[in-house]
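Structure first, commentary second.
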Amino acid sequence: MRKIVIKGRGVWGGVAEGPAMVSRDTIQGWSGLDDETGVVIEKGHPFEGMSIKGAVLVLSGGKGSNGWSSHFHTARLKGLAPAAFVFPKMDSRTGVAVVVTKVPAVTDLEEDPFETIRTGDWVRVDGDRGILEVTREG
Amino acid sequence: MPRLTDAEKSVLDGREGPLKRVALQFIVDYAEVMGAERLCDVTKAHLFAGAHHYIDACTSDDIDEVISEMLLCSTEKVSLDCFACYAQADVGPTDPVRWQQLGVSPERHDRNRVILEKYTKAGLYPAATCTPYLSGFLPRMGEHYVSTESHAVTLMNSLWGACANADGIEAAFCSAVCGKTPLWGNHIMSNRGGTHHFRVEFTPQNVMEWDLLGYVIGSRTPTHSTPVLSGDLGTPGMVELKSCFASMATTGGAELCHIIGVTPEAPDFDRAFRGRKAVAEEVITPRDLGEAAVLFAGDGEVVDYVSLGCPHYSIDQVRDAASLLEGRKVHGDSRLLVWTSPAVRELSDRAGYSRTIELSGARLVTSSCPLVSETWPRDASTLVFDSLKQAHYIRPETKATVLFGSMAQCIDAAVAGRWERRSTR
């Protein structure tokens, strides 16, 4: 087991942990996330068929419809929200998504998370202190 | 925490009532997340107003509770009874007049009517279109606005230098109610320089090629970047550009796109990049367009459903559709819908285009689209669109074959009940 600590800026408080889902291409909200199940339906996406529920989403930013945030808002109301968000940099779609999802979020990281975090790593997100702890098996 | 003015602090203290307090609190939280230093005044808002399917995630029967949770993101119930700025409706979940033609349930129609009446009483103009700029929503250069329609942000930022971020539906409503948004991103002129250079090695010949070009650029533009297009792009008009920005804002996140020699912040290369160097440069060739077109290409399919008008057709597009349909009949096993705004529909009625379109068996509908109304037929084998935005978003939601073509090709398919293969160039 290896543990990596990455520092950044906490943008939404609280502490949460879960398995990482890491995508430099990010995911679509509209027609990318199934609101009934929290499963990614974007064609050809590496996450296609995976649920965001309880995951630590490590995404480059938002894309597609301006309704990006509302899919995470719906996920929260239906009990399908991710555990936390990690964004290397904020954009307006992800900013609104953080406010409506109300889960710990960290941004402005000292290291490129796409180089250090892999899908399946266990990540603890401390939104109060702006710290990520990444644990990898093996 | 952003620095707030005394007037803003007074709103947060509740001196202007709970509605504005809740809305401004959301904007202040959003500003803090973004690291914005202060807020700016919003003068225009274009809003996803109506009983859209997504608001069903709040199961309350109380409309005010639903609006508070879904649009203002507040568990405290407030009544949305006024807007702080000019507010105009984006598309809704149905055509309020022709809802039965779309197969929308009476319950959805009624709920939509009640919600729209509430907003209209609060001051919202029920323009009901994704093309607000064709219905009087015209922010000038440097003016701060919000919009829930992705391509409307890209278009109005790019074509006349107005200022908005993509934000999200909740932030747009909160801005409309409190008149503020974080001073961040595209609201600061010095942030608006291009980052990625796309050298386009051909002149797009028609709306379909502009749509494909937007689709390709969107898919190659990384998050947080502003594309700059150069090349001999001809003299695109509003019709070409709205299609281009619609697909660009579908496959990517671009909120602003400079086109050298076309858009006002890009009179030349240096000013488009604000004196900085491009992070990356790519060449776009006709072959790239062909590769995108092939994703939605067909050959001989039986066509059940054809939809035109995403983004909503302008009056000249409605006229073109009418002239292509004159004296013809839509095939008995096909349906043809043409989508536009209520304002353009009124013009089209006066000009006689609506009659020509409907005599063919097609329907000229307003205020929504297949995606937002969720009315595309679930049992269809082939769905046809003249818009890559519709085609791209609907494809993951259906088992049907999804095809993309020009207005003329789509109309021919609706009349023949069958798709004819044709090359794009």
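In the structure tokens, chains take letters A, B, ... by order of appearance, with residues numbered from 1 within each chain and ligands from 1 in the order shown.
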Could I get the residues of chain B with an atom no further than 6 Å from an atom of chain A, each paired with its nearest atom pair and that distance in Å to one decimal, using only C-alpha atoms, sorted by chain and residue number, as JSON lines?
{"residue": "B:Val33", "atom": "CA", "partner": "A:Val11", "partner_atom": "CA", "distance": 5.0}
{"residue": "B:Ala57", "atom": "CA", "partner": "A:Thr74", "partner_atom": "CA", "distance": 5.8}
{"residue": "B:Thr148", "atom": "CA", "partner": "A:Asn66", "partner_atom": "CA", "distance": 5.6}
{"residue": "B:Ser150", "atom": "CA", "partner": "A:Asn66", "partner_atom": "CA", "distance": 5.0}
{"residue": "B:Ala166", "atom": "CA", "partner": "A:Asn66", "partner_atom": "CA", "distance": 5.4}
{"residue": "B:Asp167", "atom": "CA", "partner": "A:Ser92", "partner_atom": "CA", "distance": 4.6}
{"residue": "B:Gly168", "atom": "CA", "partner": "A:Asn66", "partner_atom": "CA", "distance": 5.0}
{"residue": "B:Ile169", "atom": "CA", "partner": "A:Gly67", "partner_atom": "CA", "distance": 5.6}
{"residue": "B:Thr223", "atom": "CA", "partner": "A:Gly61", "partner_atom": "CA", "distance": 5.8}
{"residue": "B:Ala249", "atom": "CA", "partner": "A:Gly64", "partner_atom": "CA", "distance": 5.4}
{"residue": "B:Thr250", "atom": "CA", "partner": "A:Gly64", "partner_atom": "CA", "distance": 4.3}
{"residue": "B:Thr251", "atom": "CA", "partner": "A:Gly64", "partner_atom": "CA", "distance": 5.9}
{"residue": "B:Gly252", "atom": "CA", "partner": "A:Lys63", "partner_atom": "CA", "distance": 5.2}
{"residue": "B:Gly253", "atom": "CA", "partner": "A:Lys63", "partner_atom": "CA", "distance": 4.0}
{"residue": "B:Tyr393", "atom": "CA", "partner": "A:Ser31", "partner_atom": "CA", "distance": 5.5}
Just list the residues in chain A DSSP gives helix (DSSP H, G or I) on the backbone, as an MDAnalysis selection string.
-> chainID A and resid 68:77 92:101 113:116
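Rounded to one decimal, atom CA of A:Val125 and atom CA of A:Val15 lie 5.6 Å from each other.
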As a PyMOL selection string, which residues of chain A does DSSP assign to strand (DSSP E or B)?
-> chain A and resi 2-7+9-12+15-23+33+39-40+51+56-59+84-86+105-107+122-126+131-136
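Between atom CA of A:Ala84 and atom CA of A:Pro104 the separation is 5.0 Å.
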Quick one: residues within 10 Å of A:Met50, only C-alpha atoms, excluding same-chain residues fewer than 4 positions away - as a CSV table (one decimal) with C-alpha atoms, in the first residue's frame?
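The resulting selection-v5.csv:
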chain,number,residue,atom,x,y,z
A,21,MET,CA,-13.0,7.9,-11.0
A,33,LEU,CA,-25.3,10.8,-16.6
A,37,THR,CA,-29.3,5.5,-11.6
A,38,GLY,CA,-26.3,7.7,-11.4
A,39,VAL,CA,-24.7,5.6,-14.1
A,40,VAL,CA,-22.5,7.2,-16.9
A,41,ILE,CA,-24.1,6.6,-20.3
A,45,HIS,CA,-16.5,6.9,-22.3
A,46,PRO,CA,-14.1,4.9,-20.1
A,55,ALA,CA,-17.0,7.9,-5.9
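Within 8 Å of stretch 320-329 of chain B, once only C-alpha atoms are used and residues closer than 3 positions along the same chain are dropped, the contacting residues are Asp316, Gln317, Tyr353, Ser354, Thr356, Ile357, Leu359, Ser360, Gly361, Met407, Ala408, Ile411 and Val415 of chain B.
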Near B:Cys310, within 10 Å and counting only C-alpha atoms, which residues show up once chain neighbours fewer than 5 positions away are dropped, as number ranges by chain?
-> B: 130-131, 242-243, 246-247, 338-340, 368-371, 385-390
Could you write out the selected residues, including N, CA and C atoms, as an mmCIF file, in the first residue's frame?
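Result written to selection17.cif:
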data_model
loop_
_atom_site.group_PDB
_atom_site.id
_atom_site.type_symbol
_atom_site.label_atom_id
_atom_site.label_comp_id
_atom_site.auth_asym_id
_atom_site.auth_seq_id
_atom_site.Cartn_x
_atom_site.Cartn_y
_atom_site.Cartn_z
ATOM 1 N N CYS B 130 -34.440 28.847 -27.483
ATOM 2 C CA CYS B 130 -33.003 28.669 -27.236
ATOM 3 C C CYS B 130 -32.190 29.682 -28.042
ATOM 4 N N THR B 131 -32.868 30.447 -28.914
ATOM 5 C CA THR B 131 -32.180 31.485 -29.698
ATOM 6 C C THR B 131 -32.660 32.861 -29.199
ATOM 7 N N LYS B 242 -24.958 29.902 -35.579
ATOM 8 C CA LYS B 242 -25.698 29.303 -34.453
ATOM 9 C C LYS B 242 -25.573 27.782 -34.480
ATOM 10 N N SER B 243 -25.527 27.199 -35.657
ATOM 11 C CA SER B 243 -25.329 25.748 -35.740
ATOM 12 C C SER B 243 -23.921 25.361 -35.297
ATOM 13 N N ALA B 246 -23.666 25.672 -31.539
ATOM 14 C CA ALA B 246 -24.486 24.669 -30.843
ATOM 15 C C ALA B 246 -23.731 23.350 -30.744
ATOM 16 N N SER B 247 -23.103 22.911 -31.828
ATOM 17 C CA SER B 247 -22.393 21.632 -31.754
ATOM 18 C C SER B 247 -21.074 21.786 -30.988
ATOM 19 N N VAL B 338 -40.887 20.749 -37.316
ATOM 20 C CA VAL B 338 -40.015 21.905 -37.520
ATOM 21 C C VAL B 338 -40.175 22.791 -36.285
ATOM 22 N N TRP B 339 -39.043 23.040 -35.601
ATOM 23 C CA TRP B 339 -39.085 23.769 -34.319
ATOM 24 C C TRP B 339 -38.608 25.203 -34.492
ATOM 25 N N THR B 340 -39.358 26.137 -33.864
ATOM 26 C CA THR B 340 -38.932 27.530 -33.882
ATOM 27 C C THR B 340 -39.437 28.236 -32.624
ATOM 28 N N SER B 368 -39.833 24.477 -27.595
ATOM 29 C CA SER B 368 -39.146 23.327 -27.027
ATOM 30 C C SER B 368 -38.309 22.664 -28.122
ATOM 31 N N CYS B 369 -37.929 21.427 -27.909
ATOM 32 C CA CYS B 369 -37.191 20.640 -28.901
ATOM 33 C C CYS B 369 -37.326 19.169 -28.511
ATOM 34 N N PRO B 370 -36.923 18.235 -29.375
ATOM 35 C CA PRO B 370 -37.062 16.817 -29.031
ATOM 36 C C PRO B 370 -36.375 16.469 -27.701
ATOM 37 N N LEU B 371 -35.165 17.001 -27.510
ATOM 38 C CA LEU B 371 -34.397 16.687 -26.308
ATOM 39 C C LEU B 371 -35.053 17.189 -25.038
ATOM 40 N N PHE B 385 -32.070 14.099 -37.781
ATOM 41 C CA PHE B 385 -31.969 15.490 -37.334
ATOM 42 C C PHE B 385 -31.101 16.296 -38.298
ATOM 43 N N ASP B 386 -31.387 17.609 -38.378
ATOM 44 C CA ASP B 386 -30.467 18.476 -39.133
ATOM 45 C C ASP B 386 -29.553 19.192 -38.144
ATOM 46 N N SER B 387 -29.341 18.574 -36.978
ATOM 47 C CA SER B 387 -28.547 19.193 -35.922
ATOM 48 C C SER B 387 -27.708 18.142 -35.225
ATOM 49 N N LEU B 388 -26.407 18.376 -35.170
ATOM 50 C CA LEU B 388 -25.544 17.425 -34.466
ATOM 51 C C LEU B 388 -25.760 17.486 -32.961
ATOM 52 N N LYS B 389 -26.230 18.623 -32.468
ATOM 53 C CA LYS B 389 -26.502 18.709 -31.025
ATOM 54 C C LYS B 389 -27.590 17.707 -30.647
ATOM 55 N N GLN B 390 -28.707 17.727 -31.396
ATOM 56 C CA GLN B 390 -29.784 16.770 -31.100
ATOM 57 C C GLN B 390 -29.275 15.338 -31.300
#
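Note that the spacing between atom CA of B:Met189 and atom CA of B:Ala152 amounts to 18.5 Å.
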Residues within 10 Å of A:Val5, only C-alpha atoms, excluding chain neighbours under 5 positions, as a list of chain:residue names | A:Glu111, A:Thr116, A:Val123, A:Arg124, A:Ile131, A:Leu132, A:Glu133, A:Val134, A:Thr135
Considering only C-alpha atoms, return as a ChimeraX atom specification whatever protein or nucleic-acid residues lie within 10 Å of B:Ala416, sequence-local ones (same chain, fewer than 2 positions apart) excluded.
-> /B:302-303,329-334,410-414,418-420
